[in-house]
file final.txt (compact mmCIF, C-alpha atoms)
# COMPACT_ATOMS: atom_id res chain seq x y z
CA MET A 1 -15.63 115.64 94.77
CA GLU A 2 -12.21 115.28 96.39
CA LEU A 3 -10.90 112.77 93.84
CA SER A 4 -7.73 113.86 92.02
CA PHE A 5 -5.06 112.18 89.95
CA PRO A 6 -1.29 112.66 89.89
CA GLN A 7 0.04 114.00 86.62
CA ASN A 8 3.08 113.14 84.50
CA ARG A 9 2.73 109.39 85.02
CA ARG A 10 3.77 106.69 82.59
CA PHE A 11 0.28 105.14 82.58
CA ASP A 12 -3.21 106.50 82.89
CA VAL A 13 -4.34 103.19 84.36
CA ALA A 14 -2.73 99.95 85.51
CA ALA A 15 -5.18 97.05 85.82
CA LEU A 16 -4.46 94.13 88.16
CA GLY A 17 -6.00 90.66 88.17
CA ARG A 18 -7.06 87.80 86.00
CA VAL A 19 -6.55 87.41 82.31
CA GLY A 20 -7.59 84.39 80.29
CA ILE A 21 -9.23 83.23 77.09
CA ASP A 22 -12.92 83.62 76.23
CA MET A 23 -14.19 81.13 73.66
CA TYR A 24 -17.32 82.68 72.17
CA ALA A 25 -19.62 80.56 70.05
CA ASN A 26 -19.86 81.75 66.47
CA ASP A 27 -23.34 80.24 66.33
CA ILE A 28 -25.80 82.31 68.35
CA ASN A 29 -29.28 81.25 69.47
CA CYS A 30 -27.88 77.76 69.47
CA PRO A 31 -27.41 75.06 72.16
CA MET A 32 -23.94 73.72 72.90
CA GLU A 33 -24.52 70.41 71.13
CA GLU A 34 -25.19 72.23 67.85
CA ILE A 35 -22.38 74.80 67.97
CA ARG A 36 -19.92 74.24 65.14
CA SER A 37 -17.12 76.66 66.03
CA PHE A 38 -15.78 79.09 68.60
CA SER A 39 -13.49 82.12 68.34
CA PRO A 40 -10.91 83.07 70.99
CA TYR A 41 -10.74 86.49 72.64
CA ILE A 42 -9.02 88.07 75.62
CA GLY A 43 -11.06 87.33 78.75
CA GLY A 44 -11.18 88.07 82.47
CA SER A 45 -12.79 91.21 83.88
CA PRO A 46 -9.62 93.30 84.54
CA ALA A 47 -8.18 92.27 81.18
CA ASN A 48 -11.40 93.29 79.43
CA ILE A 49 -11.32 96.61 81.26
CA ALA A 50 -7.71 97.14 80.16
CA MET A 51 -8.71 96.42 76.55
CA GLY A 52 -11.52 98.95 76.94
CA THR A 53 -9.35 101.75 78.35
CA ALA A 54 -6.69 101.12 75.70
CA LYS A 55 -9.28 101.39 72.90
CA LEU A 56 -10.41 104.69 74.42
CA GLY A 57 -6.87 105.99 74.04
CA LEU A 58 -5.68 105.68 77.64
CA LYS A 59 -2.11 104.60 78.30
CA THR A 60 -2.74 101.24 79.91
CA GLY A 61 -0.56 98.72 81.75
CA PHE A 62 -1.44 95.31 83.16
CA ILE A 63 -0.28 93.47 86.29
CA GLY A 64 -0.91 89.75 86.54
CA LYS A 65 0.39 86.22 86.14
CA ILE A 66 0.11 83.99 83.10
CA ALA A 67 0.95 80.35 82.44
CA PRO A 68 3.91 79.43 80.20
CA ASP A 69 1.74 78.03 77.42
CA SER A 70 0.43 78.88 73.97
CA PHE A 71 -2.63 80.61 75.44
CA SER A 72 -0.28 83.12 77.04
CA ARG A 73 1.29 83.81 73.66
CA PHE A 74 -2.22 84.64 72.45
CA ILE A 75 -2.75 86.95 75.44
CA LEU A 76 0.55 88.76 74.93
CA SER A 77 -0.06 89.25 71.22
CA ARG A 78 -3.57 90.66 71.79
CA PHE A 79 -2.38 92.98 74.56
CA GLN A 80 0.50 94.24 72.48
CA ARG A 81 -1.75 94.74 69.46
CA ALA A 82 -4.06 96.86 71.64
CA GLY A 83 -1.12 98.91 72.93
CA ILE A 84 -1.31 97.54 76.49
CA ASP A 85 2.03 97.43 78.30
CA THR A 86 2.90 93.88 79.42
CA GLU A 87 5.95 94.51 81.62
CA GLY A 88 3.79 93.91 84.69
CA LEU A 89 2.97 90.34 83.64
CA ALA A 90 4.89 87.49 85.29
CA TYR A 91 4.99 83.80 84.33
CA SER A 92 3.91 81.03 86.68
CA ALA A 93 5.85 77.81 87.08
CA PRO A 94 4.91 74.98 84.66
CA GLY A 95 1.74 73.16 85.63
CA ALA A 96 -0.52 76.17 86.13
CA ASN A 97 -3.38 76.80 83.72
CA THR A 98 -4.79 79.73 81.83
CA GLN A 99 -8.44 80.45 82.64
CA ILE A 100 -10.77 79.37 79.84
CA ALA A 101 -14.38 80.52 79.61
CA VAL A 102 -16.70 78.93 77.03
CA SER A 103 -19.97 80.61 76.09
CA GLU A 104 -23.30 79.28 74.90
CA LEU A 105 -25.71 81.94 73.60
CA LEU A 106 -29.13 80.32 73.58
CA SER A 107 -31.02 83.60 73.18
CA PRO A 108 -30.65 87.29 74.10
CA GLU A 109 -32.37 86.44 77.40
CA LYS A 110 -30.48 83.24 78.15
CA ALA A 111 -26.76 82.61 77.93
CA ASN A 112 -24.44 80.24 79.73
CA ILE A 113 -20.75 80.49 80.39
CA ILE A 114 -18.56 77.64 81.62
CA PHE A 115 -15.39 78.60 83.50
CA TYR A 116 -12.33 76.37 83.73
CA ARG A 117 -10.32 77.67 86.69
CA ASN A 118 -8.41 74.66 88.01
CA HIS A 119 -5.00 75.77 89.37
CA VAL A 120 -5.14 79.01 87.37
CA ALA A 121 -2.04 81.16 86.94
CA ASP A 122 -3.76 84.44 87.84
CA LEU A 123 -4.34 83.34 91.45
CA LEU A 124 -0.63 82.50 91.76
CA LEU A 125 0.37 86.16 91.54
CA GLU A 126 2.75 86.83 94.46
CA PRO A 127 3.71 89.98 96.37
CA ALA A 128 7.21 89.65 94.91
CA ASP A 129 5.68 89.98 91.41
CA ILE A 130 4.35 93.45 92.24
CA ARG A 131 6.77 96.22 91.30
CA GLU A 132 6.33 99.44 93.21
CA GLU A 133 7.73 101.57 90.39
CA TYR A 134 5.09 100.17 88.01
CA ILE A 135 2.25 101.25 90.29
CA ALA A 136 3.98 104.56 91.05
CA GLY A 137 3.95 105.15 87.30
CA ALA A 138 0.14 105.02 87.06
CA LYS A 139 -2.50 107.66 87.74
CA LEU A 140 -5.02 104.97 88.70
CA LEU A 141 -4.69 101.38 89.89
CA MET A 142 -7.72 99.28 88.98
CA ILE A 143 -7.98 96.09 91.05
CA SER A 144 -10.41 93.24 90.50
CA GLY A 145 -12.06 91.64 93.50
CA THR A 146 -11.60 88.13 92.11
CA ALA A 147 -7.87 88.47 92.77
CA LEU A 148 -8.70 88.52 96.49
CA ALA A 149 -10.22 85.03 96.38
CA ALA A 150 -7.09 83.01 97.23
CA SER A 151 -3.49 83.25 98.33
CA PRO A 152 -0.93 84.29 97.20
CA SER A 153 -2.91 86.56 94.85
CA ARG A 154 -4.76 88.02 97.84
CA GLU A 155 -1.53 89.19 99.45
CA ALA A 156 -0.32 90.53 96.10
CA VAL A 157 -3.42 92.74 95.88
CA PHE A 158 -2.83 94.23 99.32
CA THR A 159 0.82 94.77 98.44
CA ALA A 160 -0.24 96.66 95.31
CA ILE A 161 -2.70 98.72 97.36
CA GLU A 162 0.03 99.73 99.82
CA TYR A 163 2.33 100.75 96.96
CA ALA A 164 -0.49 102.82 95.47
CA LEU A 165 -1.18 104.55 98.78
CA ARG A 166 2.51 105.29 99.24
CA ASN A 167 2.75 106.86 95.79
CA GLN A 168 -0.58 108.76 95.70
CA THR A 169 -1.93 106.52 92.94
CA CYS A 170 -5.74 106.55 92.94
CA ILE A 171 -7.23 103.11 93.75
CA MET A 172 -10.41 101.80 92.17
CA MET A 173 -11.95 98.37 92.74
CA ASP A 174 -14.35 96.61 90.42
CA ILE A 175 -15.89 94.11 92.84
CA ASP A 176 -16.20 91.32 90.24
CA TYR A 177 -17.61 88.77 92.70
CA ARG A 178 -17.57 85.23 91.31
CA PRO A 179 -19.04 82.84 93.92
CA PHE A 180 -17.26 79.76 92.56
CA THR A 181 -13.83 81.29 93.26
CA TRP A 182 -14.52 81.71 96.99
CA LYS A 183 -14.89 79.17 99.81
CA SER A 184 -17.85 81.07 101.27
CA LYS A 185 -19.66 84.40 101.19
CA GLU A 186 -18.31 85.08 104.67
CA GLU A 187 -14.71 84.74 103.46
CA ALA A 188 -15.47 87.05 100.55
CA ALA A 189 -17.10 89.62 102.84
CA VAL A 190 -14.05 89.81 105.11
CA TYR A 191 -11.47 90.40 102.38
CA TYR A 192 -13.65 92.64 100.25
CA ASP A 193 -14.35 94.82 103.25
CA LEU A 194 -10.64 95.08 104.09
CA ALA A 195 -9.84 96.11 100.52
CA CYS A 196 -12.76 98.57 100.33
CA GLU A 197 -11.35 100.48 103.29
CA LYS A 198 -8.36 101.48 101.17
CA CYS A 199 -10.06 102.27 97.85
CA ASP A 200 -10.93 105.71 96.47
CA VAL A 201 -13.55 104.49 93.97
CA LEU A 202 -15.80 101.42 94.20
CA LEU A 203 -17.89 99.96 91.41
CA GLY A 204 -20.22 96.95 91.56
CA THR A 205 -23.74 95.58 91.36
CA ARG A 206 -26.20 95.76 94.22
CA GLU A 207 -25.79 92.00 94.68
CA GLU A 208 -22.00 92.40 94.94
CA PHE A 209 -22.30 95.12 97.55
CA ASP A 210 -24.69 92.82 99.46
CA VAL A 211 -21.81 90.35 99.75
CA ILE A 212 -19.50 93.04 101.13
CA GLU A 213 -22.18 94.09 103.63
CA GLY A 214 -22.63 90.47 104.74
CA ILE A 215 -20.65 90.83 107.98
CA ALA A 216 -20.23 94.56 108.56
CA CYS A 217 -23.89 95.43 107.90
CA PRO A 218 -25.87 92.19 107.42
CA GLY A 219 -29.22 92.45 105.71
CA ASN A 220 -28.68 95.95 104.36
CA ARG A 221 -29.98 96.48 100.82
CA ASP A 222 -30.13 100.26 100.95
CA ASP A 223 -27.75 102.04 98.55
CA GLY A 224 -27.61 105.14 100.73
CA LYS A 225 -26.57 103.19 103.82
CA THR A 226 -23.96 101.29 101.83
CA ASP A 227 -22.29 104.40 100.47
CA ALA A 228 -22.45 106.19 103.84
CA ARG A 229 -20.55 103.34 105.51
CA LEU A 230 -17.92 103.30 102.77
CA PHE A 231 -17.48 107.08 102.95
CA GLU A 232 -16.54 106.69 106.61
CA LYS A 233 -13.39 105.02 105.26
CA ARG A 234 -11.36 106.24 102.28
CA ALA A 235 -13.94 106.06 99.49
CA LYS A 236 -14.71 109.24 97.58
CA ALA A 237 -17.04 107.80 94.91
CA VAL A 238 -19.29 104.72 94.91
CA VAL A 239 -21.37 103.45 91.98
CA ILE A 240 -23.98 100.74 92.55
CA LYS A 241 -25.38 99.12 89.40
CA HIS A 242 -28.90 97.74 89.12
CA GLY A 243 -28.76 96.04 85.72
CA LYS A 244 -31.56 97.07 83.38
CA ASP A 245 -32.77 99.54 86.04
CA GLY A 246 -29.64 101.65 85.66
CA SER A 247 -27.22 102.67 88.38
CA THR A 248 -26.82 105.13 91.24
CA GLY A 249 -23.62 107.04 91.93
CA PHE A 250 -22.64 108.74 95.17
CA THR A 251 -19.76 111.04 96.05
CA LYS A 252 -18.40 111.87 99.47
CA ASP A 253 -19.51 115.50 99.17
CA GLY A 254 -23.15 114.34 99.20
CA ALA A 255 -23.95 114.36 95.47
CA VAL A 256 -26.21 111.60 94.12
CA TYR A 257 -26.41 110.68 90.42
CA GLU A 258 -28.98 108.50 88.70
CA GLY A 259 -27.58 106.61 85.74
CA VAL A 260 -29.26 106.25 82.38
CA VAL A 261 -29.96 103.09 80.38
CA PHE A 262 -29.68 103.17 76.60
CA PRO A 263 -31.73 100.91 74.34
CA ALA A 264 -29.82 98.10 72.70
CA LYS A 265 -30.32 95.05 70.52
CA VAL A 266 -29.01 92.46 72.95
CA ILE A 267 -26.88 89.63 71.61
CA ASN A 268 -24.47 88.89 74.45
CA THR A 269 -24.56 90.51 77.90
CA PHE A 270 -21.16 89.16 78.98
CA GLY A 271 -18.72 92.00 79.41
CA ALA A 272 -21.29 94.77 79.82
CA GLY A 273 -19.94 95.61 83.27
CA ASP A 274 -16.35 95.63 82.02
CA ALA A 275 -17.26 98.07 79.24
CA TYR A 276 -19.01 100.25 81.82
CA ALA A 277 -15.92 100.25 84.07
CA ALA A 278 -13.51 101.11 81.24
CA SER A 279 -15.53 104.11 80.13
CA PHE A 280 -16.17 105.18 83.71
CA ILE A 281 -12.41 105.22 84.33
CA SER A 282 -11.84 107.20 81.14
CA GLY A 283 -14.39 109.79 82.24
CA LEU A 284 -12.84 110.16 85.68
CA LEU A 285 -9.38 110.71 84.25
CA GLU A 286 -10.79 113.35 81.89
CA GLY A 287 -12.19 115.25 84.87
CA ARG A 288 -15.88 114.52 84.23
CA ASP A 289 -18.30 114.34 87.13
CA VAL A 290 -19.53 110.96 88.28
CA GLY A 291 -22.90 111.36 86.56
CA GLU A 292 -21.27 111.95 83.19
CA CYS A 293 -18.87 109.05 83.78
CA MET A 294 -21.89 106.84 84.42
CA ARG A 295 -23.49 108.02 81.19
CA TYR A 296 -20.34 107.12 79.24
CA GLY A 297 -20.28 103.74 81.00
CA ALA A 298 -23.89 103.01 80.11
CA ALA A 299 -23.24 103.89 76.46
CA ALA A 300 -20.26 101.54 76.30
CA SER A 301 -22.32 98.73 77.86
CA SER A 302 -25.06 99.12 75.27
CA ILE A 303 -22.53 99.05 72.45
CA VAL A 304 -20.84 95.88 73.73
CA ILE A 305 -24.00 93.86 74.43
CA SER A 306 -25.04 94.32 70.81
CA LYS A 307 -21.98 92.26 69.73
CA ASN A 308 -21.06 88.59 70.02
CA ASP A 309 -17.89 89.12 72.05
CA CYS A 310 -16.54 91.39 74.75
CA SER A 311 -12.92 92.60 74.57
CA ASP A 312 -12.85 93.19 70.82
CA ALA A 313 -16.26 94.89 70.97
CA MET A 314 -15.07 97.63 73.34
CA PRO A 315 -15.81 100.98 71.68
CA THR A 316 -13.23 103.46 70.47
CA ARG A 317 -13.49 107.10 71.52
CA GLU A 318 -14.97 108.01 68.12
CA LYS A 319 -17.61 105.28 68.22
CA GLN A 320 -18.63 106.16 71.77
CA THR A 321 -18.87 109.89 70.99
CA LEU A 322 -20.99 109.21 67.91
CA TYR A 323 -23.27 106.88 69.88
CA LEU A 324 -23.84 109.47 72.61
CA ARG A 325 -24.43 112.23 70.05
CA GLU A 326 -27.06 110.14 68.25
CA HIS A 327 -28.91 109.33 71.47
CA GLN A 328 -28.74 112.91 72.68
CA ALA A 329 -30.32 113.99 69.41
CA ALA A 330 -33.07 111.42 70.04
CA GLY A 331 -33.72 112.99 73.44
CA ARG A 332 -32.14 110.28 75.57

call {"tool": "encode", "arguments": {"input": "final.txt", "output": "structure tokens"}}
result
Amino acid sequence: MELSFPQNRRFDVAALGRVGIDMYANDINCPMEEIRSFSPYIGGSPANIAMGTAKLGLKTGFIGKIAPDSFSRFILSRFQRAGIDTEGLAYSAPGANTQIAVSELLSPEKANIIFYRNHVADLLLEPADIREEYIAGAKLLMISGTALAASPSREAVFTAIEYALRNQTCIMMDIDYRPFTWKSKEEAAVYYDLACEKCDVLLGTREEFDVIEGIACPGNRDDGKTDARLFEKRAKAVVIKHGKDGSTGFTKDGAVYEGVVFPAKVINTFGAGDAYAASFISGLLEGRDVGECMRYGAAASSIVISKNDCSDAMPTREKQTLYLREHQAAGR
């Protein structure tokens, strides 16, 4: 695989996108009307990924916009406690809101999450908030597709991408498609496709790639055709996830990897993809092949879905290594 990373950088990874508060119910297997209390955690896919890479020991920075409120004080304190650099965070003007997500865990098979994203600060990120030297100081820039959903955040993402290209910073996108943040699938397809053209690594579910294919290759559901089209651009590695059926990874040199699925006692599936992405990034930066990165990602997902939260449940290096060793011994 042609993927390589610049050395002697301040950060291993800089994540860009939304950060908010997840309110997880302390009462599981319980409908909303019977829940007695909730606990707050860091939320938002790129923020969860940053928490995951930091817990794995990677030097992690974050680029985004937060509201000048008490929720942002919570965010800053949790980031700083995790060792995540916050110099890339900017404040919005008063009146913007921090994203809030409230969960209801009815059963391992059924869970609901309610998002409050009215005039959210993260979508107010502007090109002027993006500092080139911050991105030039990272080996990898991880962008979240949700940040493409509206202006001025959309333009800020493309500004960050151009800075990364100019400074040989590897670019990875976690597609993170949330239908309610977009005006239409067609709008999402256009901007996702434009961003994909400039990314080195792409990670998403089959359903998310279907959205990207909506205009450029409508009706395609074939993983091989999807990766072939992306490899005509800049992409060097593409991973397409299929939920409980695992994942398939492709590299530009023609290698194909089938991902594994580890057994887990499922409590809360929210954040499984973020855990996968964090460990996948860690594996790439350690020089592992895509198949091994996928294995590490699957292990992290299984660990997280057995807990009642996401960001705090991200595994440490030691916990992940022990988990993989135990399952290897069991022949998995």

call {"tool": "closest_residue", "arguments": {"input": "final.txt", "among": "A:Phe209, A:Phe262, A:Tyr323, A:Trp182", "to": "Asp245 (chain A)", "atoms": "all atoms listed in the file"}}
result
A:Phe262

call {"tool": "residues_around", "arguments": {"input": "final.txt", "residues": "region 117-130 of chain A", "least_positions_apart": "6", "cutoff": "7 Å", "atoms": "all atoms listed in the file", "output": "list in words"}}
result
Gly17, Arg18, Val19, Gly64, Lys65, Ile66, Ala67, Ala90, Ser92, Ala96, Asn97, Thr98, Gln99, Ala147, Ala150, Ser151, Pro152, Ser153, Glu155, Ala156, Thr159 and Ala160 of chain A

call {"tool": "atom_distance", "arguments": {"input": "final.txt", "atom1": "CA of Arg9 (chain A)", "atom2": "CA of Glu286 (chain A)"}}
result
14.4 Å

call {"tool": "closest_residue", "arguments": {"input": "final.txt", "among": "A:Asp274, A:Glu133, A:Glu258, A:Glu232", "to": "Leu203 (chain A)", "atoms": "only C-alpha atoms"}}
result
A:Asp274

call {"tool": "atom_distance", "arguments": {"input": "final.txt", "atom1": "CA of Thr316 (chain A)", "atom2": "CA of Lys59 (chain A)"}}
result
13.6 Å

call {"tool": "closest_residue", "arguments": {"input": "final.txt", "among": "A:Met32, A:Cys170, A:Ala188, A:Leu322", "to": "Ala235 (chain A)", "atoms": "all atoms listed in the file"}}
result
A:Cys170

call {"tool": "closest_residue", "arguments": {"input": "final.txt", "among": "A:Gln80, A:Ser70, A:Thr251, A:Thr53", "to": "Gly224 (chain A)", "atoms": "all atoms listed in the file"}}
result
A:Thr251

call {"tool": "residues_around", "arguments": {"input": "final.txt", "residues": "Ala138 (chain A)", "least_positions_apart": "4", "cutoff": "10 Å", "atoms": "all atoms listed in the file", "output": "JSON, numbers by chain"}}
result
{"A": [5, 6, 7, 8, 9, 10, 11, 12, 13, 14, 15, 59, 60, 61, 133, 134, 142, 164, 167, 168, 169, 170]}

call {"tool": "atom_distance", "arguments": {"input": "final.txt", "atom1": "CA of Ala47 (chain A)", "atom2": "CA of Ser311 (chain A)"}}
result
8.1 Å

call {"tool": "closest_atom_pairs", "arguments": {"input": "final.txt", "of": "region 275-322 of chain A", "to": "region 236-239 of chain A", "cutoff": "12 Å", "atoms": "all atoms listed in the file", "output": "tab-separated table"}}
result
residue	atom	partner	partner_atom	distance
A:Tyr276	CA	A:Val239	CA	10.9
A:Ala277	CA	A:Val239	CA	10.1
A:Phe280	CA	A:Val239	CA	9.9
A:Ile281	CA	A:Ala237	CA	11.8
A:Leu284	CA	A:Ala237	CA	10.4
A:Asp289	CA	A:Ala237	CA	10.2
A:Val290	CA	A:Ala237	CA	7.8
A:Gly291	CA	A:Val239	CA	9.7
A:Cys293	CA	A:Val239	CA	10.2
A:Met294	CA	A:Val239	CA	8.3
A:Arg295	CA	A:Val239	CA	11.9
A:Gly297	CA	A:Val239	CA	11.0

call {"tool": "closest_residue", "arguments": {"input": "final.txt", "among": "A:Ala149, A:Arg78, A:His242, A:Ser301", "to": "Lys183 (chain A)", "atoms": "all atoms listed in the file"}}
result
A:Ala149

call {"tool": "closest_residue", "arguments": {"input": "final.txt", "among": "A:Val261, A:Val157, A:Cys30, A:Met23", "to": "Ser247 (chain A)", "atoms": "all atoms listed in the file"}}
result
A:Val261

call {"tool": "residues_near_point", "arguments": {"input": "final.txt", "point": "(-12.4, 104.6, 70.5)", "cutoff": "9 Å", "atoms": "all atoms listed in the file", "output": "VMD selection string"}}
result
chain A and resid 52 to 57 314 to 321

call {"tool": "residues_near_point", "arguments": {"input": "final.txt", "point": "(-12.3, 89.2, 107.6)", "cutoff": "12 Å", "atoms": "all atoms listed in the file", "output": "list in words"}}
result
Leu148, Ser184, Lys185, Glu186, Glu187, Ala188, Ala189, Val190, Tyr191, Tyr192, Asp193, Leu194, Ala195, Cys196, Ile212, Glu213, Gly214, Ile215 and Ala216 of chain A

call {"tool": "axis_aligned_box", "arguments": {"input": "final.txt", "around": "region 169-187 of chain A", "padding_each_side": "6 Å", "output": "JSON"}}
result
{"center_x": -10.8, "center_y": 92.9, "center_z": 97.5, "size_x": 29.7, "size_y": 39.4, "size_z": 26.4}

call {"tool": "residues_around", "arguments": {"input": "final.txt", "residues": "Leu106 (chain A)", "least_positions_apart": "3", "cutoff": "8 Å", "atoms": "all atoms listed in the file", "output": "MDAnalysis selection string"}}
result
chainID A and resid 28:31 109:112

call {"tool": "build_atoms", "arguments": {"input": "final.txt", "residues": "region 206-229 of chain A", "atoms": "N, CA and C atoms", "output": "PDB file, in the coordinates of the input"}}
result
ATOM      1  N   ARG A 206     -25.585  95.796  92.907  1.00  0.00           N
ATOM      2  CA  ARG A 206     -26.200  95.760  94.220  1.00  0.00           C
ATOM      3  C   ARG A 206     -25.940  94.411  94.898  1.00  0.00           C
ATOM      4  N   GLU A 207     -26.011  93.335  94.121  1.00  0.00           N
ATOM      5  CA  GLU A 207     -25.790  92.000  94.680  1.00  0.00           C
ATOM      6  C   GLU A 207     -24.355  91.855  95.186  1.00  0.00           C
ATOM      7  N   GLU A 208     -23.397  92.465  94.491  1.00  0.00           N
ATOM      8  CA  GLU A 208     -22.000  92.400  94.940  1.00  0.00           C
ATOM      9  C   GLU A 208     -21.788  93.191  96.222  1.00  0.00           C
ATOM     10  N   PHE A 209     -22.405  94.354  96.314  1.00  0.00           N
ATOM     11  CA  PHE A 209     -22.300  95.120  97.550  1.00  0.00           C
ATOM     12  C   PHE A 209     -22.998  94.392  98.710  1.00  0.00           C
ATOM     13  N   ASP A 210     -24.041  93.616  98.415  1.00  0.00           N
ATOM     14  CA  ASP A 210     -24.690  92.820  99.460  1.00  0.00           C
ATOM     15  C   ASP A 210     -23.703  91.836 100.075  1.00  0.00           C
ATOM     16  N   VAL A 211     -22.817  91.277  99.244  1.00  0.00           N
ATOM     17  CA  VAL A 211     -21.810  90.350  99.750  1.00  0.00           C
ATOM     18  C   VAL A 211     -20.860  91.076 100.700  1.00  0.00           C
ATOM     19  N   ILE A 212     -20.404  92.250 100.298  1.00  0.00           N
ATOM     20  CA  ILE A 212     -19.500  93.040 101.130  1.00  0.00           C
ATOM     21  C   ILE A 212     -20.149  93.389 102.462  1.00  0.00           C
ATOM     22  N   GLU A 213     -21.450  93.695 102.422  1.00  0.00           N
ATOM     23  CA  GLU A 213     -22.180  94.090 103.630  1.00  0.00           C
ATOM     24  C   GLU A 213     -22.480  92.920 104.539  1.00  0.00           C
ATOM     25  N   GLY A 214     -22.193  91.683 104.060  1.00  0.00           N
ATOM     26  CA  GLY A 214     -22.630  90.470 104.740  1.00  0.00           C
ATOM     27  C   GLY A 214     -22.251  90.365 106.202  1.00  0.00           C
ATOM     28  N   ILE A 215     -21.091  90.897 106.588  1.00  0.00           N
ATOM     29  CA  ILE A 215     -20.650  90.830 107.980  1.00  0.00           C
ATOM     30  C   ILE A 215     -20.746  92.191 108.655  1.00  0.00           C
ATOM     31  N   ALA A 216     -20.267  93.221 107.963  1.00  0.00           N
ATOM     32  CA  ALA A 216     -20.230  94.560 108.560  1.00  0.00           C
ATOM     33  C   ALA A 216     -21.622  95.149 108.746  1.00  0.00           C
ATOM     34  N   CYS A 217     -22.539  94.843 107.819  1.00  0.00           N
ATOM     35  CA  CYS A 217     -23.890  95.430 107.900  1.00  0.00           C
ATOM     36  C   CYS A 217     -24.885  94.417 107.322  1.00  0.00           C
ATOM     37  N   PRO A 218     -25.041  93.268 107.975  1.00  0.00           N
ATOM     38  CA  PRO A 218     -25.870  92.190 107.420  1.00  0.00           C
ATOM     39  C   PRO A 218     -27.313  92.601 107.188  1.00  0.00           C
ATOM     40  N   GLY A 219     -27.827  92.174 106.035  1.00  0.00           N
ATOM     41  CA  GLY A 219     -29.220  92.450 105.710  1.00  0.00           C
ATOM     42  C   GLY A 219     -29.474  93.773 105.042  1.00  0.00           C
ATOM     43  N   ASN A 220     -28.468  94.640 104.985  1.00  0.00           N
ATOM     44  CA  ASN A 220     -28.680  95.950 104.360  1.00  0.00           C
ATOM     45  C   ASN A 220     -28.802  95.823 102.846  1.00  0.00           C
ATOM     46  N   ARG A 221     -29.809  96.438 102.289  1.00  0.00           N
ATOM     47  CA  ARG A 221     -29.980  96.480 100.820  1.00  0.00           C
ATOM     48  C   ARG A 221     -30.167  97.919 100.358  1.00  0.00           C
ATOM     49  N   ASP A 222     -29.902  98.859 101.245  1.00  0.00           N
ATOM     50  CA  ASP A 222     -30.130 100.260 100.950  1.00  0.00           C
ATOM     51  C   ASP A 222     -28.866 100.910 100.399  1.00  0.00           C
ATOM     52  N   ASP A 223     -28.926 101.433  99.178  1.00  0.00           N
ATOM     53  CA  ASP A 223     -27.750 102.040  98.550  1.00  0.00           C
ATOM     54  C   ASP A 223     -27.182 103.175  99.403  1.00  0.00           C
ATOM     55  N   GLY A 224     -28.064 104.001  99.954  1.00  0.00           N
ATOM     56  CA  GLY A 224     -27.610 105.140 100.730  1.00  0.00           C
ATOM     57  C   GLY A 224     -26.830 104.735 101.968  1.00  0.00           C
ATOM     58  N   LYS A 225     -27.284 103.673 102.647  1.00  0.00           N
ATOM     59  CA  LYS A 225     -26.570 103.190 103.820  1.00  0.00           C
ATOM     60  C   LYS A 225     -25.223 102.580 103.425  1.00  0.00           C
ATOM     61  N   THR A 226     -25.210 101.903 102.290  1.00  0.00           N
ATOM     62  CA  THR A 226     -23.960 101.290 101.830  1.00  0.00           C
ATOM     63  C   THR A 226     -22.912 102.356 101.559  1.00  0.00           C
ATOM     64  N   ASP A 227     -23.293 103.385 100.804  1.00  0.00           N
ATOM     65  CA  ASP A 227     -22.290 104.400 100.470  1.00  0.00           C
ATOM     66  C   ASP A 227     -21.864 105.194 101.704  1.00  0.00           C
ATOM     67  N   ALA A 228     -22.798 105.432 102.627  1.00  0.00           N
ATOM     68  CA  ALA A 228     -22.450 106.190 103.840  1.00  0.00           C
ATOM     69  C   ALA A 228     -21.400 105.445 104.654  1.00  0.00           C
ATOM     70  N   ARG A 229     -21.532 104.125 104.758  1.00  0.00           N
ATOM     71  CA  ARG A 229     -20.550 103.340 105.510  1.00  0.00           C
ATOM     72  C   ARG A 229     -19.189 103.376 104.830  1.00  0.00           C
TER      73      ARG A 229
END
